[in-house]
Structures are given as structure tokens and as C-alpha cells.
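Have a look at coords_0.cif; it's mmCIF, N, CA and C atoms and all ligand atoms:
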data_query
#
loop_
_atom_site.label_atom_id
_atom_site.label_comp_id
_atom_site.auth_asym_id
_atom_site.auth_seq_id
_atom_site.Cartn_x
_atom_site.Cartn_y
_atom_site.Cartn_z
N MET A 1 41.59 20.01 -1.67
CA MET A 1 40.74 18.96 -1.14
C MET A 1 39.28 19.43 -1.05
N SER A 2 38.41 18.56 -1.42
CA SER A 2 36.98 18.89 -1.38
C SER A 2 36.45 18.80 0.04
N LEU A 3 35.45 19.60 0.33
CA LEU A 3 34.78 19.50 1.63
C LEU A 3 33.85 18.31 1.67
N PHE A 4 33.65 17.67 0.54
CA PHE A 4 32.62 16.63 0.48
C PHE A 4 33.21 15.24 0.29
N GLY A 5 34.28 14.94 1.02
CA GLY A 5 34.80 13.59 1.01
C GLY A 5 35.60 13.26 -0.24
N GLY A 6 36.26 14.25 -0.84
CA GLY A 6 37.09 13.98 -2.00
C GLY A 6 36.27 13.56 -3.19
N GLN A 7 36.87 12.79 -4.07
CA GLN A 7 36.20 12.40 -5.31
C GLN A 7 35.57 11.02 -5.22
N MET A 8 35.55 10.45 -4.03
CA MET A 8 35.06 9.09 -3.92
C MET A 8 33.59 8.97 -4.35
N GLU A 9 33.35 7.97 -5.16
CA GLU A 9 31.99 7.67 -5.62
C GLU A 9 31.17 7.12 -4.44
N ILE A 10 29.95 7.59 -4.32
CA ILE A 10 29.06 7.03 -3.29
C ILE A 10 28.23 5.94 -3.98
N SER A 11 28.39 4.70 -3.53
CA SER A 11 27.73 3.60 -4.23
C SER A 11 26.66 2.91 -3.41
N GLY A 12 26.61 3.20 -2.11
CA GLY A 12 25.63 2.47 -1.30
C GLY A 12 25.27 3.20 -0.03
N ILE A 13 24.31 2.59 0.67
CA ILE A 13 23.87 3.12 1.96
C ILE A 13 23.68 1.95 2.91
N GLU A 14 24.15 2.10 4.13
CA GLU A 14 23.93 1.03 5.11
C GLU A 14 22.46 0.95 5.46
N ARG A 15 21.98 -0.29 5.61
CA ARG A 15 20.56 -0.48 5.90
C ARG A 15 20.13 0.28 7.16
N GLU A 16 21.00 0.29 8.15
CA GLU A 16 20.69 0.99 9.39
C GLU A 16 20.46 2.49 9.16
N ALA A 17 21.28 3.08 8.32
CA ALA A 17 21.14 4.51 8.01
C ALA A 17 19.83 4.76 7.26
N LEU A 18 19.51 3.86 6.31
CA LEU A 18 18.27 4.00 5.56
C LEU A 18 17.06 3.89 6.50
N GLU A 19 17.12 2.92 7.42
CA GLU A 19 16.00 2.75 8.34
C GLU A 19 15.84 3.95 9.26
N PHE A 20 16.97 4.55 9.64
CA PHE A 20 16.89 5.77 10.45
C PHE A 20 16.17 6.88 9.67
N ILE A 21 16.53 7.02 8.40
CA ILE A 21 15.92 8.05 7.55
C ILE A 21 14.41 7.83 7.42
N LEU A 22 14.03 6.58 7.17
CA LEU A 22 12.60 6.28 6.99
C LEU A 22 11.84 6.53 8.29
N GLY A 23 12.42 6.11 9.41
CA GLY A 23 11.76 6.30 10.71
C GLY A 23 11.64 7.78 11.06
N ALA A 24 12.70 8.53 10.82
CA ALA A 24 12.68 9.97 11.13
C ALA A 24 11.68 10.69 10.24
N SER A 25 11.58 10.27 8.98
CA SER A 25 10.62 10.89 8.06
C SER A 25 9.19 10.64 8.53
N ARG A 26 8.93 9.41 8.99
CA ARG A 26 7.60 9.08 9.50
C ARG A 26 7.29 9.89 10.75
N SER A 27 8.28 10.03 11.62
CA SER A 27 7.99 10.72 12.88
C SER A 27 7.83 12.23 12.68
N ARG A 28 8.42 12.78 11.62
CA ARG A 28 8.27 14.21 11.34
C ARG A 28 6.97 14.51 10.58
N TYR A 29 6.43 13.52 9.90
CA TYR A 29 5.24 13.70 9.08
C TYR A 29 4.13 14.35 9.89
N PRO A 30 3.34 15.33 9.38
CA PRO A 30 3.34 15.81 7.99
C PRO A 30 4.36 16.91 7.69
N GLN A 31 5.32 17.13 8.61
CA GLN A 31 6.37 18.10 8.30
C GLN A 31 7.54 17.39 7.60
N GLU A 32 8.42 18.20 7.02
CA GLU A 32 9.59 17.63 6.35
C GLU A 32 10.66 17.22 7.36
N PHE A 33 11.32 16.14 7.04
CA PHE A 33 12.55 15.77 7.73
C PHE A 33 13.71 16.14 6.82
N ALA A 34 14.79 16.68 7.39
CA ALA A 34 15.96 16.99 6.57
C ALA A 34 17.23 16.76 7.38
N GLY A 35 18.25 16.24 6.73
CA GLY A 35 19.52 16.00 7.41
C GLY A 35 20.66 15.94 6.41
N VAL A 36 21.85 15.75 6.94
CA VAL A 36 23.06 15.70 6.12
C VAL A 36 23.62 14.28 6.18
N LEU A 37 24.08 13.78 5.04
CA LEU A 37 24.59 12.41 4.94
C LEU A 37 26.10 12.38 5.14
N ARG A 38 26.56 11.37 5.87
CA ARG A 38 28.00 11.14 6.00
C ARG A 38 28.33 9.76 5.44
N ALA A 39 29.45 9.69 4.75
CA ALA A 39 29.85 8.42 4.13
C ALA A 39 31.25 8.03 4.55
N LYS A 40 31.50 6.72 4.47
CA LYS A 40 32.82 6.18 4.71
C LYS A 40 33.06 5.12 3.64
N ASN A 41 34.21 5.19 2.98
CA ASN A 41 34.55 4.23 1.93
C ASN A 41 33.45 4.11 0.88
N GLY A 42 32.82 5.23 0.54
CA GLY A 42 31.83 5.22 -0.53
C GLY A 42 30.44 4.73 -0.12
N VAL A 43 30.24 4.51 1.18
CA VAL A 43 28.93 4.05 1.65
C VAL A 43 28.41 5.04 2.70
N ILE A 44 27.14 5.41 2.55
CA ILE A 44 26.51 6.31 3.52
C ILE A 44 26.28 5.54 4.81
N ILE A 45 26.83 6.07 5.89
CA ILE A 45 26.77 5.33 7.15
C ILE A 45 26.00 6.06 8.23
N GLU A 46 25.75 7.35 8.03
CA GLU A 46 25.20 8.12 9.14
C GLU A 46 24.45 9.33 8.63
N VAL A 47 23.45 9.75 9.42
CA VAL A 47 22.70 10.96 9.10
C VAL A 47 22.86 11.93 10.26
N LEU A 48 23.27 13.14 9.96
CA LEU A 48 23.34 14.17 10.99
C LEU A 48 22.02 14.91 10.97
N TRP A 49 21.40 14.98 12.11
CA TRP A 49 20.07 15.54 12.18
C TRP A 49 19.97 16.45 13.39
N PRO A 50 20.30 17.70 13.21
CA PRO A 50 20.20 18.63 14.33
C PRO A 50 18.80 19.27 14.35
N PRO A 51 17.86 18.71 15.09
CA PRO A 51 16.46 19.14 14.99
C PRO A 51 16.23 20.62 15.29
N GLU A 52 16.97 21.18 16.23
CA GLU A 52 16.73 22.58 16.60
C GLU A 52 17.05 23.50 15.44
N THR A 53 18.01 23.12 14.64
CA THR A 53 18.44 23.98 13.54
C THR A 53 17.43 23.99 12.40
N ILE A 54 16.85 22.83 12.11
CA ILE A 54 16.13 22.73 10.85
C ILE A 54 14.67 22.32 10.96
N SER A 55 14.18 22.05 12.17
CA SER A 55 12.84 21.48 12.21
C SER A 55 11.73 22.54 12.27
N SER A 56 12.09 23.79 12.50
CA SER A 56 11.04 24.80 12.54
C SER A 56 11.12 25.67 11.29
N GLY A 57 10.04 26.31 10.99
CA GLY A 57 10.07 27.22 9.84
C GLY A 57 9.56 26.57 8.59
N ARG A 58 9.62 27.28 7.49
CA ARG A 58 8.93 26.91 6.27
C ARG A 58 9.65 25.83 5.47
N SER A 59 10.91 26.02 5.20
CA SER A 59 11.59 25.09 4.31
C SER A 59 12.79 24.43 4.97
N ALA A 60 12.64 23.15 5.28
CA ALA A 60 13.76 22.40 5.86
C ALA A 60 14.91 22.33 4.87
N VAL A 61 14.59 22.26 3.59
CA VAL A 61 15.62 22.07 2.57
C VAL A 61 16.59 23.24 2.54
N MET A 62 16.07 24.46 2.52
CA MET A 62 16.97 25.59 2.42
C MET A 62 17.82 25.76 3.67
N LYS A 63 17.32 25.27 4.80
CA LYS A 63 18.11 25.37 6.02
C LYS A 63 19.31 24.44 6.03
N LEU A 64 19.30 23.44 5.13
CA LEU A 64 20.46 22.55 5.03
C LEU A 64 21.72 23.32 4.67
N HIS A 65 21.57 24.44 3.97
CA HIS A 65 22.72 25.27 3.62
C HIS A 65 23.47 25.76 4.85
N MET A 66 22.76 25.85 5.98
CA MET A 66 23.35 26.48 7.15
C MET A 66 24.07 25.48 8.05
N LEU A 67 23.97 24.20 7.73
CA LEU A 67 24.60 23.21 8.59
C LEU A 67 26.12 23.24 8.44
N PRO A 68 26.82 22.95 9.54
CA PRO A 68 28.27 22.91 9.45
C PRO A 68 28.74 21.78 8.55
N LEU A 69 29.79 22.00 7.80
CA LEU A 69 30.33 20.97 6.91
C LEU A 69 31.45 20.24 7.60
N ASP A 70 31.65 19.02 7.20
CA ASP A 70 32.83 18.30 7.68
C ASP A 70 33.30 17.40 6.55
N PRO A 71 34.55 16.95 6.59
CA PRO A 71 35.11 16.29 5.40
C PRO A 71 34.40 15.01 4.99
N SER A 72 33.64 14.39 5.90
CA SER A 72 32.96 13.15 5.53
C SER A 72 31.53 13.40 5.03
N THR A 73 31.12 14.66 4.98
CA THR A 73 29.79 14.99 4.50
C THR A 73 29.71 14.77 2.99
N CYS A 74 28.71 14.01 2.55
CA CYS A 74 28.65 13.74 1.11
C CYS A 74 27.38 14.25 0.46
N GLY A 75 26.40 14.72 1.23
CA GLY A 75 25.18 15.20 0.60
C GLY A 75 24.06 15.37 1.62
N THR A 76 22.84 15.34 1.12
CA THR A 76 21.69 15.64 1.99
C THR A 76 20.60 14.58 1.83
N VAL A 77 19.69 14.61 2.78
CA VAL A 77 18.48 13.80 2.70
C VAL A 77 17.32 14.66 3.19
N HIS A 78 16.17 14.53 2.54
CA HIS A 78 14.97 15.15 3.10
C HIS A 78 13.73 14.39 2.63
N SER A 79 12.64 14.63 3.36
CA SER A 79 11.41 13.91 3.04
C SER A 79 10.45 14.80 2.27
N HIS A 80 9.59 14.14 1.49
CA HIS A 80 8.52 14.80 0.77
C HIS A 80 7.19 14.25 1.26
N PRO A 81 6.57 14.97 2.20
CA PRO A 81 5.26 14.49 2.69
C PRO A 81 4.22 14.41 1.58
N SER A 82 4.46 15.06 0.45
CA SER A 82 3.52 15.06 -0.67
C SER A 82 3.38 13.70 -1.35
N GLY A 83 4.37 12.80 -1.17
CA GLY A 83 4.30 11.50 -1.81
C GLY A 83 5.07 11.38 -3.11
N SER A 84 5.61 12.48 -3.63
CA SER A 84 6.43 12.42 -4.84
C SER A 84 7.90 12.45 -4.45
N ALA A 85 8.69 11.53 -5.01
CA ALA A 85 10.13 11.52 -4.69
C ALA A 85 10.95 12.29 -5.72
N SER A 86 10.29 13.06 -6.59
CA SER A 86 11.02 13.86 -7.58
C SER A 86 11.49 15.17 -6.95
N PRO A 87 12.69 15.63 -7.35
CA PRO A 87 13.19 16.89 -6.79
C PRO A 87 12.38 18.10 -7.28
N SER A 88 12.15 19.05 -6.38
CA SER A 88 11.50 20.31 -6.75
C SER A 88 12.57 21.25 -7.31
N GLN A 89 12.15 22.40 -7.83
CA GLN A 89 13.11 23.40 -8.29
C GLN A 89 14.05 23.82 -7.17
N GLU A 90 13.48 24.00 -5.98
CA GLU A 90 14.27 24.39 -4.81
C GLU A 90 15.30 23.30 -4.49
N ASP A 91 14.89 22.04 -4.61
CA ASP A 91 15.81 20.93 -4.36
C ASP A 91 16.97 20.95 -5.35
N LEU A 92 16.67 21.22 -6.62
CA LEU A 92 17.73 21.21 -7.64
C LEU A 92 18.76 22.30 -7.38
N VAL A 93 18.31 23.43 -6.84
CA VAL A 93 19.24 24.50 -6.47
C VAL A 93 20.17 24.02 -5.35
N LEU A 94 19.56 23.37 -4.36
CA LEU A 94 20.36 22.83 -3.25
C LEU A 94 21.36 21.78 -3.76
N PHE A 95 20.90 20.85 -4.59
CA PHE A 95 21.74 19.75 -5.08
C PHE A 95 22.98 20.30 -5.79
N ALA A 96 22.77 21.35 -6.58
CA ALA A 96 23.87 21.92 -7.37
C ALA A 96 24.91 22.59 -6.48
N LYS A 97 24.48 23.05 -5.30
CA LYS A 97 25.38 23.83 -4.45
C LYS A 97 26.10 22.99 -3.40
N TYR A 98 25.51 21.88 -3.01
CA TYR A 98 25.89 21.26 -1.75
C TYR A 98 25.97 19.75 -1.92
N GLY A 99 27.18 19.20 -1.84
CA GLY A 99 27.30 17.74 -1.80
C GLY A 99 27.16 17.07 -3.16
N ARG A 100 27.24 15.74 -3.15
CA ARG A 100 27.24 14.97 -4.40
C ARG A 100 26.13 13.94 -4.49
N VAL A 101 25.54 13.59 -3.37
CA VAL A 101 24.45 12.62 -3.42
C VAL A 101 23.33 13.11 -2.52
N HIS A 102 22.11 13.00 -3.03
CA HIS A 102 20.96 13.55 -2.32
C HIS A 102 19.84 12.54 -2.35
N ILE A 103 19.28 12.28 -1.17
CA ILE A 103 18.19 11.30 -1.08
C ILE A 103 16.89 12.05 -0.79
N ILE A 104 15.84 11.64 -1.51
CA ILE A 104 14.50 12.14 -1.21
C ILE A 104 13.65 10.93 -0.84
N VAL A 105 12.99 11.02 0.31
CA VAL A 105 12.07 9.96 0.72
C VAL A 105 10.66 10.50 0.67
N ALA A 106 9.79 9.75 0.02
CA ALA A 106 8.41 10.20 -0.14
C ALA A 106 7.50 9.39 0.78
N GLU A 107 6.42 10.00 1.18
CA GLU A 107 5.37 9.30 1.89
C GLU A 107 4.94 8.12 0.99
N PRO A 108 4.80 6.87 1.46
CA PRO A 108 4.69 6.42 2.86
C PRO A 108 6.01 6.07 3.55
N PHE A 109 7.15 6.51 3.03
CA PHE A 109 8.44 6.33 3.70
C PHE A 109 8.77 4.87 3.94
N ASP A 110 8.66 4.06 2.88
CA ASP A 110 9.08 2.67 3.00
C ASP A 110 10.28 2.42 2.08
N GLU A 111 10.70 1.16 1.98
CA GLU A 111 11.92 0.84 1.23
C GLU A 111 11.82 1.13 -0.27
N HIS A 112 10.59 1.32 -0.74
CA HIS A 112 10.41 1.57 -2.17
C HIS A 112 10.10 3.02 -2.49
N SER A 113 10.00 3.86 -1.49
CA SER A 113 9.55 5.23 -1.74
C SER A 113 10.68 6.25 -1.58
N TRP A 114 11.93 5.81 -1.81
CA TRP A 114 13.03 6.77 -1.77
C TRP A 114 13.83 6.71 -3.07
N ARG A 115 14.46 7.82 -3.41
CA ARG A 115 15.29 7.91 -4.60
C ARG A 115 16.56 8.68 -4.24
N ALA A 116 17.64 8.40 -5.00
CA ALA A 116 18.89 9.15 -4.81
C ALA A 116 19.23 9.87 -6.10
N TYR A 117 19.81 11.05 -5.97
CA TYR A 117 20.13 11.89 -7.12
C TYR A 117 21.55 12.41 -7.00
N ASP A 118 22.16 12.73 -8.14
CA ASP A 118 23.47 13.37 -8.11
C ASP A 118 23.28 14.89 -8.09
N HIS A 119 24.39 15.63 -8.20
CA HIS A 119 24.31 17.10 -8.05
C HIS A 119 23.57 17.77 -9.20
N ARG A 120 23.36 17.03 -10.31
CA ARG A 120 22.59 17.60 -11.42
C ARG A 120 21.11 17.21 -11.36
N GLY A 121 20.73 16.43 -10.33
CA GLY A 121 19.35 16.01 -10.23
C GLY A 121 19.05 14.76 -11.04
N LYS A 122 20.12 14.07 -11.48
CA LYS A 122 19.96 12.82 -12.23
C LYS A 122 19.87 11.67 -11.23
N GLU A 123 18.91 10.78 -11.43
CA GLU A 123 18.74 9.68 -10.48
C GLU A 123 19.93 8.73 -10.51
N ILE A 124 20.39 8.32 -9.33
CA ILE A 124 21.46 7.34 -9.23
C ILE A 124 21.00 6.18 -8.35
N LYS A 125 21.63 5.03 -8.56
CA LYS A 125 21.27 3.84 -7.79
C LYS A 125 22.24 3.69 -6.62
N LEU A 126 21.68 3.49 -5.45
CA LEU A 126 22.51 3.18 -4.28
C LEU A 126 22.14 1.78 -3.83
N LYS A 127 23.15 0.95 -3.60
CA LYS A 127 22.81 -0.38 -3.09
C LYS A 127 22.73 -0.34 -1.56
N ILE A 128 21.84 -1.18 -1.04
CA ILE A 128 21.68 -1.24 0.41
C ILE A 128 22.70 -2.23 0.95
N VAL A 129 23.53 -1.73 1.86
CA VAL A 129 24.61 -2.53 2.41
C VAL A 129 24.18 -3.05 3.78
N GLU A 130 24.21 -4.39 3.94
CA GLU A 130 23.76 -4.99 5.20
C GLU A 130 24.85 -4.89 6.26
ZN ZN B 201 12.32 18.43 -1.81
#
Once more with this new file: its structure as C-alpha cells, please.
Amino acid sequence: MSLFGGQMEISGIEREALEFILGASRSRYPQEFAGVLRAKNGVIIEVLWPPETISSGRSAVMKLHMLPLDPSTCGTVHSHPSGSASPSQEDLVLFAKYGRVHIIVAEPFDEHSWRAYDHRGKEIKLKIVE
């Protein structure tokens, strides 16, 4: 059994979870926001965000490796205060190691400034579930 929710395809994200991500990214700006995604029935429903673990220090992304795993964990989310939603080299290393779906939100952190990627860094479409 996989630690990342089995082989289920992740096809969407609940609007509430997306709004949480956008709000948290804005409130962390100009620092990075980073968290772990949880899914149910192929839809991302929740973001785990332990601020004490990951909010200090240089790279929020690399600290995602240290978060505890649980069977409903499907991937990661982090913000790019730079305004580009493309994965960095460091991001691609993380994507390959951890989870199956990864969201990057770029400044200005609105509904059009986020992208989702698979473990190879290939962009995937997630539908917003109301
Ligand atoms: Zn990044």
C-alpha cells in the first residue's frame, strides 16, 4: 500500500481548500507558504499547515520532507512570492520524492495564479469542486 492514498487519481480541489491556500499564501507574503495536501475520493479537501515546523528558515519547500505522512496525504502546496508559478529545480526534486500532486500558487495569489503538477513536474488540470 502506498503512503500517498493508493493509486487514486487526484482530479479536483474543493473551493474551500483552494481559498484557504490563497489566503494563507497572502498572509505569509513576502515569505513562502508551504503545506501538505490531503484528498478524499480523488478530491483535495484539506491542507495541513504546521506553521512552527515550516515557517522559519530559508526554504519552506525542503522542510516539507520532514512533515509526518498519513495515508490520505497526496502531495504538497507552496507559494512563490516571485510571481512565477513554474516549479524550480528544488521543487522538481521534491515533486519526484513526495506525493503525486503538487500545487504552486504565485503572487498575486488569486484564482488564476495557481498551477498543479504531477510528480514529474508536468502540469495537470484540477477542477474546482463546489
Ligand atoms: Zn517552488
Kindly provide, as a ChimeraX atom specification, all nucleotide and amino acid residues lying within 6.5 Å of ligand ZN 201 (chain B), counting all atoms listed in the file. /A:78-80,86-88,90-91
Could you work out how far atom CA of A:Ser82 lies from atom CA of A:Val129, giving the answer in Å with one decimal? 27.6 Å
Between atom CA of A:Cys74 and atom CA of A:Ile128, what is the spacing in Å? 16.5 Å
Within 7 Å of stretch 45-48 of chain A, counting only C-alpha atoms, which residues show up once you throw out same-chain ones fewer than 4 positions away? Write them as a PyMOL selection string, please. chain A and resi 13-14+17+35-40
Using all atoms listed in the file, which residue out of A:Arg100, A:Ala106, A:Leu64, A:Pro81 lies closest to A:Tyr29?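 With all atoms listed in the file as the atom set, the closest residue is A:Pro81.
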Would you kindly return, as a PyMOL selection string, each protein, DNA or RNA residue with an atom no farther than 6 Å from any atom of A:Tyr98, considering only N, CA and C atoms and excluding same-chain residues fewer than 3 positions away? chain A and resi 75+94-95
Take atom CA of A:Ser72 and atom CA of A:Asp110 and report the distance between them in Å, one decimal.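 Separation of atom CA of A:Ser72 and atom CA of A:Asp110: 26.2 Å.
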Restricting the calculation to all atoms listed in the file: of A:Lys127, A:Arg15, A:Arg115, A:Arg120, which residue gets closest to A:His102?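 Result for the nearest residue to A:His102: A:Arg115.
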Would you return as a PyMOL selection string the members of stretch 5-48 of chain A that DSSP assigns to strand (DSSP E) on this structure's backbone? chain A and resi 12-14+34-40+43-48
In terms of the shortest atom-to-atom distance over only C-alpha atoms, which of A:Gly83, A:Asn41, A:Glu9, A:Lys63 is closest to A:Trp114? A:Gly83
